[in-house]
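A.B. asks: Next comes the structure file my_file-v3.txt, holding compact mmCIF, C-alpha atoms and all ligand atoms.
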# COMPACT_ATOMS: atom_id res chain seq x y z
CA MET F 100 18.29 0.82 -36.72
CA TYR F 101 19.34 -2.71 -35.88
CA GLY F 102 16.94 -5.54 -36.73
CA MET F 103 16.46 -6.10 -33.01
CA VAL F 104 14.32 -2.97 -32.97
CA HIS F 105 12.27 -4.24 -35.94
CA ARG F 106 11.73 -7.52 -34.10
CA ALA F 107 10.45 -5.62 -31.06
CA ILE F 108 7.97 -3.73 -33.27
CA ARG F 109 6.85 -7.04 -34.79
CA GLN F 110 6.39 -8.72 -31.41
CA MET F 111 4.58 -5.70 -29.94
CA ALA F 112 2.13 -5.45 -32.85
CA SER F 113 1.63 -9.21 -33.20
CA GLU F 114 0.77 -9.56 -29.51
CA ARG F 115 -2.01 -7.03 -29.99
CA LEU F 116 -3.23 -7.83 -33.50
CA GLY F 117 -2.26 -11.45 -34.11
CA PRO F 118 -0.50 -12.84 -37.20
CA THR F 119 -3.14 -11.59 -39.65
CA GLY F 120 -2.84 -8.04 -38.32
CA TRP F 121 0.92 -8.28 -38.57
CA SER F 122 0.84 -9.48 -42.17
CA ILE F 123 -1.22 -6.39 -43.10
CA ILE F 124 1.43 -4.19 -41.45
CA GLU F 125 4.25 -5.94 -43.30
CA ARG F 126 2.46 -5.61 -46.62
CA ASP F 127 1.60 -1.96 -46.00
CA ALA F 128 5.23 -1.15 -45.08
CA GLY F 129 6.58 -3.12 -48.05
CA SER F 130 8.60 -5.18 -45.61
CA GLY F 131 9.62 -8.86 -45.48
CA PRO F 132 11.66 -11.40 -43.48
CA ALA F 133 14.97 -9.85 -44.61
CA GLU F 134 14.26 -6.82 -42.43
CA PHE F 135 14.10 -8.76 -39.17
CA ILE F 136 17.65 -10.03 -38.75
CA SER F 137 18.68 -8.89 -35.25
CA LEU F 138 22.28 -8.07 -36.09
CA CYS F 139 21.64 -6.40 -39.46
CA ILE F 140 21.32 -2.68 -39.64
CA TYR F 141 18.58 -0.93 -41.61
CA ASP F 142 17.98 2.66 -42.55
CA ASP F 143 15.94 4.53 -39.92
CA SER F 144 13.35 5.28 -42.62
CA ARG F 145 12.55 1.51 -42.71
CA THR F 146 12.14 1.43 -38.92
CA MET F 147 9.77 4.40 -39.06
CA ALA F 148 7.84 2.90 -42.00
CA LEU F 149 7.23 -0.26 -39.99
CA LEU F 150 6.19 1.65 -36.88
CA SER F 151 3.93 3.95 -38.85
CA SER F 152 2.14 1.00 -40.51
CA ALA F 153 1.80 -0.62 -37.09
CA ALA F 154 0.36 2.64 -35.71
CA ARG F 155 -2.27 2.65 -38.48
CA GLN F 156 -3.39 -0.89 -37.68
CA LEU F 157 -3.32 -0.20 -33.93
CA GLU F 158 -5.37 2.98 -34.55
CA LEU F 159 -2.76 5.13 -32.83
CA ASP F 160 -1.07 8.33 -33.89
CA MET F 161 2.69 8.11 -34.36
CA ASP F 162 3.49 9.74 -30.99
CA SER F 163 1.38 7.17 -29.15
CA ALA F 164 3.02 4.35 -31.12
CA LEU F 165 6.50 5.66 -30.26
CA ARG F 166 5.53 5.84 -26.60
CA MET F 167 4.07 2.33 -26.70
CA LEU F 168 7.29 1.06 -28.30
CA GLY F 169 9.38 2.78 -25.60
CA ARG F 170 7.33 1.11 -22.90
CA TYR F 171 7.52 -2.21 -24.73
CA TRP F 172 11.27 -1.98 -25.36
CA VAL F 173 12.16 -2.27 -21.67
CA ARG F 174 10.06 -5.41 -21.30
CA TYR F 175 11.46 -6.77 -24.57
CA ALA F 176 15.06 -6.22 -23.38
CA GLU F 177 14.22 -7.87 -20.04
CA GLN F 178 13.18 -11.08 -21.83
CA GLY F 179 16.14 -11.65 -24.12
CA SER F 180 19.86 -12.15 -23.89
CA PHE F 181 20.22 -8.59 -22.60
CA ALA F 182 18.34 -9.31 -19.35
CA ALA F 183 21.61 -9.61 -17.39
CA ILE F 184 22.83 -6.25 -18.67
CA MET F 185 19.56 -4.67 -17.54
CA ASP F 186 20.14 -6.16 -14.07
CA PHE F 187 23.71 -4.87 -13.83
CA THR F 188 22.68 -1.39 -14.93
CA GLY F 189 21.05 -0.49 -11.65
CA HIS F 190 18.27 -1.13 -9.16
CA ASP F 191 17.06 2.41 -8.69
CA LEU F 192 16.15 5.05 -11.23
CA VAL F 193 19.07 7.41 -10.64
CA SER F 194 21.77 4.76 -10.84
CA PHE F 195 20.08 3.01 -13.78
CA ILE F 196 19.85 6.18 -15.85
CA GLY F 197 23.33 7.22 -14.70
CA ASN F 198 24.65 3.90 -16.06
CA LEU F 199 22.71 3.88 -19.34
CA ASP F 200 25.69 5.11 -21.39
CA ARG F 201 27.83 2.28 -20.03
CA MET F 202 25.00 -0.13 -20.82
CA HIS F 203 24.79 1.09 -24.41
CA ASP F 204 28.60 0.81 -24.63
CA ALA F 205 28.18 -2.86 -23.75
CA VAL F 206 25.44 -3.18 -26.37
CA ARG F 207 27.81 -1.72 -28.95
CA MET F 208 30.22 -4.63 -28.37
CA ALA F 209 27.56 -6.81 -30.04
CA MET F 210 26.22 -4.11 -32.37
CA PRO F 211 29.21 -1.92 -33.25
CA ASP F 212 27.32 0.27 -35.72
CA ALA F 213 24.58 1.24 -33.28
CA ARG F 214 24.15 4.98 -33.01
CA VAL F 215 23.15 5.04 -29.37
CA PRO F 216 21.98 8.05 -27.39
CA SER F 217 23.55 9.50 -24.26
CA PHE F 218 21.77 10.20 -20.96
CA GLN F 219 23.03 12.37 -18.12
CA VAL F 220 21.31 12.89 -14.77
CA VAL F 221 21.68 16.66 -14.34
CA ASP F 222 19.73 16.94 -11.09
CA SER F 223 18.26 14.53 -8.59
CA HIS F 224 16.43 14.98 -5.31
CA PRO F 225 13.90 12.89 -3.35
CA GLY F 226 11.02 14.23 -5.46
CA GLY F 227 12.52 13.25 -8.78
CA LEU F 228 15.23 13.84 -11.33
CA ARG F 229 16.12 15.76 -14.45
CA VAL F 230 17.83 13.95 -17.31
CA ARG F 231 19.57 15.32 -20.38
CA TYR F 232 19.20 13.26 -23.57
CA THR F 233 21.62 13.62 -26.46
CA SER F 234 21.04 11.86 -29.75
CA GLU F 235 21.99 12.05 -33.41
CA ARG F 236 18.32 11.45 -34.18
CA GLU F 237 15.30 13.69 -34.01
CA GLY F 238 11.68 12.95 -33.29
CA LEU F 239 12.12 10.32 -30.57
CA THR F 240 10.83 12.35 -27.61
CA MET F 241 7.76 10.16 -27.15
CA PHE F 242 9.88 7.01 -27.42
CA VAL F 243 12.08 8.31 -24.57
CA ILE F 244 8.99 9.16 -22.48
CA GLY F 245 7.75 5.58 -22.93
CA LEU F 246 11.18 4.22 -21.95
CA PHE F 247 11.29 6.26 -18.75
CA GLU F 248 7.70 5.30 -17.89
CA ALA F 249 8.65 1.64 -18.24
CA LEU F 250 11.72 2.19 -16.07
CA LEU F 251 9.49 3.72 -13.39
CA ASP F 252 7.41 0.52 -13.49
CA ARG F 253 10.53 -1.65 -13.39
CA MET F 254 11.76 0.15 -10.27
CA GLY F 255 8.33 -0.08 -8.60
CA GLU F 256 7.96 3.71 -8.70
CA ARG F 257 5.03 5.91 -9.70
CA GLY F 258 5.49 9.24 -11.38
CA SER F 259 5.26 11.36 -14.49
CA VAL F 260 7.68 12.18 -17.29
CA THR F 261 7.70 15.62 -18.92
CA PRO F 262 9.94 16.80 -21.76
CA VAL F 263 11.52 20.20 -21.06
CA SER F 264 14.20 22.18 -22.75
CA GLY F 265 17.55 22.64 -21.01
CA PRO F 266 20.44 25.07 -21.55
CA GLY F 267 21.12 25.78 -25.22
CA ASN F 268 17.87 24.01 -26.08
CA ALA F 269 19.22 20.64 -24.88
CA ALA F 270 16.52 17.97 -24.68
CA GLU F 271 15.79 17.24 -21.04
CA PHE F 272 13.15 15.28 -19.19
CA VAL F 273 11.79 15.89 -15.71
CA ILE F 274 10.77 12.70 -13.93
CA ALA F 275 8.56 13.62 -10.96
CA LEU F 276 8.11 10.84 -8.43
CA GLU F 277 4.89 10.33 -6.49
CA ARG F 278 5.54 9.70 -2.84
CA ASP F 279 2.87 8.44 -0.45
C1 LIG S 301 19.44 -4.09 -22.58
C2 LIG S 301 18.64 -3.14 -22.96
C3 LIG S 301 18.88 -2.29 -24.19
C4 LIG S 301 19.44 -2.64 -25.38
C5 LIG S 301 19.92 -3.99 -25.84
C6 LIG S 301 19.44 -1.44 -26.20
C7 LIG S 301 19.89 -1.38 -27.49
C8 LIG S 301 19.65 -0.36 -28.37
C9 LIG S 301 19.81 -0.43 -29.80
C10 LIG S 301 20.31 -1.64 -30.58
C11 LIG S 301 19.43 0.76 -30.31
C12 LIG S 301 19.37 1.15 -31.79
C13 LIG S 301 20.61 1.91 -32.20
C14 LIG S 301 20.84 1.77 -33.67
O1 LIG S 301 20.44 0.76 -34.28
O2 LIG S 301 21.48 2.69 -34.25
C15 LIG S 301 19.02 1.58 -29.19
C16 LIG S 301 18.56 2.85 -29.31
C17 LIG S 301 18.07 3.58 -28.26
N1 LIG S 301 18.11 3.25 -26.93
FE1 LIG S 301 18.72 1.52 -26.15
N2 LIG S 301 18.92 -0.40 -25.49
C18 LIG S 301 18.54 -0.88 -24.27
C19 LIG S 301 17.94 -0.19 -23.25
C20 LIG S 301 17.63 1.14 -23.31
C21 LIG S 301 17.04 1.88 -22.23
C22 LIG S 301 16.65 1.28 -20.87
C23 LIG S 301 16.90 3.17 -22.69
C24 LIG S 301 16.38 4.40 -22.00
C25 LIG S 301 15.77 4.54 -20.93
C26 LIG S 301 17.37 3.21 -24.05
C27 LIG S 301 17.33 4.31 -24.87
C28 LIG S 301 17.50 4.26 -26.24
C29 LIG S 301 17.08 5.31 -27.16
C30 LIG S 301 16.38 6.61 -26.80
C31 LIG S 301 17.44 4.87 -28.44
C32 LIG S 301 17.16 5.57 -29.79
C33 LIG S 301 18.40 6.07 -30.44
C34 LIG S 301 18.59 7.54 -30.29
O3 LIG S 301 18.01 8.18 -29.39
O4 LIG S 301 19.38 8.10 -31.08
N3 LIG S 301 17.83 1.97 -24.38
N4 LIG S 301 19.19 0.88 -28.01
Write the structure described by the file as structure tokens, please.
Ligand code: HEM
C.D. replies:
Amino acid sequence: MYGMVHRAIRQMASERLGPTGWSIIERDAGSGPAEFISLCIYDDSRTMALLSSAARQLELDMDSALRMLGRYWVRYAEQGSFAAIMDFTGHDLVSFIGNLDRMHDAVRMAMPDARVPSFQVVDSHPGGLRVRYTSEREGLTMFVIGLFEALLDRMGERGSVTPVSGPGNAAEFVIALERD
């Protein structure tokens, strides 16, 4: 994945463990400064090696680390040069998720080799929505859950996110909203 993702992992872990904790992670993953260039692309195995070393130091299993990174990613994107894109994408959950593919298209102008996922809102009603997720990658379910949880926070909503399987085994997520 792009170095931007590695930088998010570094910032997330450093905030929790400080620079000494981070240097242990880097050493453990056999990583160095050359792997943190935002616009360079690295093999996914390097991204997972970094996250798995971070998980060890954070005393988390890999699923919890993926979820934490998903939650962190939204805040990370809000801080940087992509903040405006996040704002344009939508101000409620259904329109934001419905516009995610367009948002990633915009991201690919800066990062043309990004292999971005696709999201489709397949059902929405006042109690929640159902979203189909299509990706070239496997094993990111917990990352997606963390992303949707952070989007709920961003929209000032409360709710739960559950992975389900759609037609033909498509990966889908049910986002149930809590209403007072
Ligand atoms: C401005 C905000 C965002 C930026 C700049 C951004 C950018 C990126 C980049 C660079 C990648 C890595 C692709 C690669 O290196 O091949 C990625 C992957 C991904 N993004 Fe985004 N993204 C943003 C917001 C979001 C949001 C809000 C979601 C979902 C709710 C999302 C879902 C994902 C997922 C699930 C992946 C993993 C790739 C996969 O599933 O195959 N992104 N994004």
A.B. asks: Figure out the distance between CA of Asp142 (chain F) and atom C2 of ligand LIG 301 (chain S), please, to one decimal in Å.
C.D. replies: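 Between these atoms lies a distance of 20.4 Å.
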A.B. asks: Using all atoms listed in the file, what does the table of chain F residues within 6 Å of ligand LIG 301 (chain S) look like, with each row giving the shortest atom pair and its distance in Å to one decimal, sorted by chain and ascending number, as CSV?
C.D. replies:
residue,atom,partner,partner_atom,distance
F:Met100,CA,S:LIG301,O1,3.3
F:Tyr101,CA,S:LIG301,O1,4.0
F:Val173,CA,S:LIG301,C22,5.8
F:Ala176,CA,S:LIG301,C2,4.7
F:Phe181,CA,S:LIG301,C1,4.6
F:Ile184,CA,S:LIG301,C1,5.6
F:Met185,CA,S:LIG301,C1,5.1
F:Val206,CA,S:LIG301,C5,5.6
F:Ala213,CA,S:LIG301,O2,3.6
F:Arg214,CA,S:LIG301,O2,3.7
F:Val215,CA,S:LIG301,C13,4.9
F:Pro216,CA,S:LIG301,O3,4.4
F:Ser234,CA,S:LIG301,O4,4.3
F:Glu235,CA,S:LIG301,O4,5.3
F:Arg236,CA,S:LIG301,O4,4.7
F:Val243,CA,S:LIG301,C30,5.1
F:Leu246,CA,S:LIG301,C25,4.7
F:Phe247,CA,S:LIG301,C25,5.3
A.B. asks: Could you work out how far CA of Arg257 (chain F) lies from CA of Met241 (chain F), giving the answer in Å with one decimal?
C.D. replies: 18.2 Å
A.B. asks: What does the distance from CA of Gly226 (chain F) to CA of Ile274 (chain F) come to in Å, to one decimal?
C.D. replies: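 That distance, rounded to one decimal, is 8.6 Å.
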A.B. asks: Which residues are near Glu134 (chain F)? Cut-off 10 Å, all atoms listed in the file, ignore same chain within fewer than 6 positions. Put them as a PyMOL selection string.
C.D. replies: chain F and resi 101-103+105-106+140-141+145-146+149
A.B. asks: From the options F:Glu271, F:Arg174, F:Gln156, F:Arg166, which residue's atoms come nearest to Ser122 (chain F), counting all atoms listed in the file?
C.D. replies: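 Going through F:Glu271, F:Arg174, F:Gln156, F:Arg166 one by one, the smallest distance to Ser122 (chain F) is for F:Gln156.
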A.B. asks: Glu237 (chain F): which residues within 12 Å, counting all atoms listed in the file, same-chain residues fewer than 5 positions away excluded, as number ranges by chain?
C.D. replies: F: 143, 147, 216, 232, 242-243, 270
A.B. asks: Selected residues, C-alpha atoms, written as a PDB file, in the coordinates of the input, please.
C.D. replies:
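Output saved as selection02.pdb:
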ATOM      1  CA  ASP F 143      15.940   4.530 -39.920  1.00  0.00           C
ATOM      2  CA  MET F 147       9.770   4.400 -39.060  1.00  0.00           C
ATOM      3  CA  PRO F 216      21.980   8.050 -27.390  1.00  0.00           C
ATOM      4  CA  TYR F 232      19.200  13.260 -23.570  1.00  0.00           C
ATOM      5  CA  PHE F 242       9.880   7.010 -27.420  1.00  0.00           C
ATOM      6  CA  VAL F 243      12.080   8.310 -24.570  1.00  0.00           C
ATOM      7  CA  ALA F 270      16.520  17.970 -24.680  1.00  0.00           C
TER       8      ALA F 270
END
A.B. asks: Considering all atoms listed in the file, return as a PyMOL selection string whatever protein or nucleic-acid residues lie within 12 Å of region 186-195 of chain F, sequence-local ones (same chain, fewer than 5 positions apart) excluded.
C.D. replies: chain F and resi 173+176-178+180-181+200-206+218-230+246-258+274-276
A.B. asks: Just checking: using all atoms listed in the file, which residue out of F:Gly267, F:Pro211, F:Gly129, F:Gly245 ends up closest to Tyr171 (chain F)?
C.D. replies: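 Closest to Tyr171 (chain F), using all atoms listed in the file: F:Gly245.
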A.B. asks: Closest to Ser151 (chain F) among F:Leu165, F:Tyr175, F:Ile244, F:Arg126, using all atoms listed in the file?
C.D. replies: F:Leu165
A.B. asks: Quick one: region 248-259 of chain F from the block, all heavy atoms, as a CSV table (one decimal), in the first residue's frame.
C.D. replies:
chain,number,residue,atom,x,y,z
F,248,GLU,N,-17.2,2.5,11.8
F,248,GLU,CA,-17.4,3.0,13.2
F,248,GLU,C,-17.0,4.4,13.3
F,248,GLU,O,-17.6,5.3,13.9
F,248,GLU,CB,-16.7,2.1,14.2
F,248,GLU,CG,-17.4,0.7,14.4
F,248,GLU,CD,-16.5,-0.2,15.3
F,248,GLU,OE1,-15.3,0.0,15.5
F,248,GLU,OE2,-17.1,-1.2,15.7
F,249,ALA,N,-15.8,4.8,12.7
F,249,ALA,CA,-15.3,6.1,12.8
F,249,ALA,C,-16.2,7.1,12.0
F,249,ALA,O,-16.4,8.2,12.4
F,249,ALA,CB,-13.9,6.2,12.2
F,250,LEU,N,-16.8,6.6,10.9
F,250,LEU,CA,-17.7,7.4,10.1
F,250,LEU,C,-19.0,7.7,10.9
F,250,LEU,O,-19.5,8.8,10.9
F,250,LEU,CB,-18.1,6.7,8.8
F,250,LEU,CG,-17.0,6.8,7.7
F,250,LEU,CD1,-17.5,6.1,6.4
F,250,LEU,CD2,-16.5,8.2,7.4
F,251,LEU,N,-19.4,6.7,11.7
F,251,LEU,CA,-20.6,6.9,12.6
F,251,LEU,C,-20.3,8.1,13.5
F,251,LEU,O,-21.1,9.0,13.7
F,251,LEU,CB,-20.9,5.7,13.4
F,251,LEU,CG,-21.7,4.5,12.7
F,251,LEU,CD1,-21.6,3.2,13.5
F,251,LEU,CD2,-23.2,4.9,12.5
F,252,ASP,N,-19.1,8.0,14.1
F,252,ASP,CA,-18.7,9.1,15.1
F,252,ASP,C,-18.7,10.4,14.3
F,252,ASP,O,-19.2,11.4,14.8
F,252,ASP,CB,-17.3,8.9,15.6
F,252,ASP,CG,-17.2,7.8,16.6
F,252,ASP,OD1,-18.3,7.4,17.1
F,252,ASP,OD2,-16.1,7.3,17.0
F,253,ARG,N,-18.1,10.4,13.1
F,253,ARG,CA,-17.9,11.7,12.4
F,253,ARG,C,-19.3,12.3,12.1
F,253,ARG,O,-19.4,13.5,12.1
F,253,ARG,CB,-17.2,11.4,11.1
F,253,ARG,CG,-17.0,12.6,10.2
F,253,ARG,CD,-16.2,12.2,8.9
F,253,ARG,NE,-16.3,13.2,7.9
F,253,ARG,CZ,-15.5,14.3,7.7
F,253,ARG,NH1,-14.5,14.5,8.6
F,253,ARG,NH2,-15.7,15.1,6.8
F,254,MET,N,-20.3,11.5,11.8
F,254,MET,CA,-21.6,12.0,11.5
F,254,MET,C,-22.5,12.2,12.8
F,254,MET,O,-23.7,12.5,12.7
F,254,MET,CB,-22.4,11.0,10.6
F,254,MET,CG,-21.6,10.6,9.3
F,254,MET,SD,-21.3,12.1,8.3
F,254,MET,CE,-20.1,11.4,7.2
F,255,GLY,N,-21.9,12.0,13.9
F,255,GLY,CA,-22.6,12.2,15.2
F,255,GLY,C,-23.7,11.1,15.4
F,255,GLY,O,-24.7,11.4,16.0
F,256,GLU,N,-23.5,9.9,14.8
F,256,GLU,CA,-24.5,8.9,15.0
F,256,GLU,C,-23.9,7.8,15.9
F,256,GLU,O,-22.7,7.7,16.2
F,256,GLU,CB,-24.6,8.1,13.6
F,256,GLU,CG,-25.2,9.0,12.5
F,256,GLU,CD,-26.7,9.0,12.5
F,256,GLU,OE1,-27.4,8.5,13.4
F,256,GLU,OE2,-27.3,9.5,11.4
F,257,ARG,N,-24.9,7.0,16.5
F,257,ARG,CA,-24.5,5.9,17.3
F,257,ARG,C,-25.0,4.6,16.6
F,257,ARG,O,-26.1,4.7,16.1
F,257,ARG,CB,-25.0,6.0,18.7
F,257,ARG,CG,-24.1,6.9,19.6
F,257,ARG,CD,-24.7,7.0,21.0
F,257,ARG,NE,-26.0,7.7,21.0
F,257,ARG,CZ,-27.1,7.1,21.4
F,257,ARG,NH1,-27.1,5.9,21.8
F,257,ARG,NH2,-28.3,7.8,21.3
F,258,GLY,N,-24.3,3.5,16.7
F,258,GLY,CA,-24.8,2.3,16.0
F,258,GLY,C,-23.8,1.2,16.1
F,258,GLY,O,-22.7,1.3,16.7
F,259,SER,N,-24.1,0.1,15.4
F,259,SER,CA,-23.2,-1.0,15.4
F,259,SER,C,-23.0,-1.5,13.9
F,259,SER,O,-23.8,-1.2,13.0
F,259,SER,CB,-23.8,-2.2,16.2
F,259,SER,OG,-25.0,-2.5,15.6
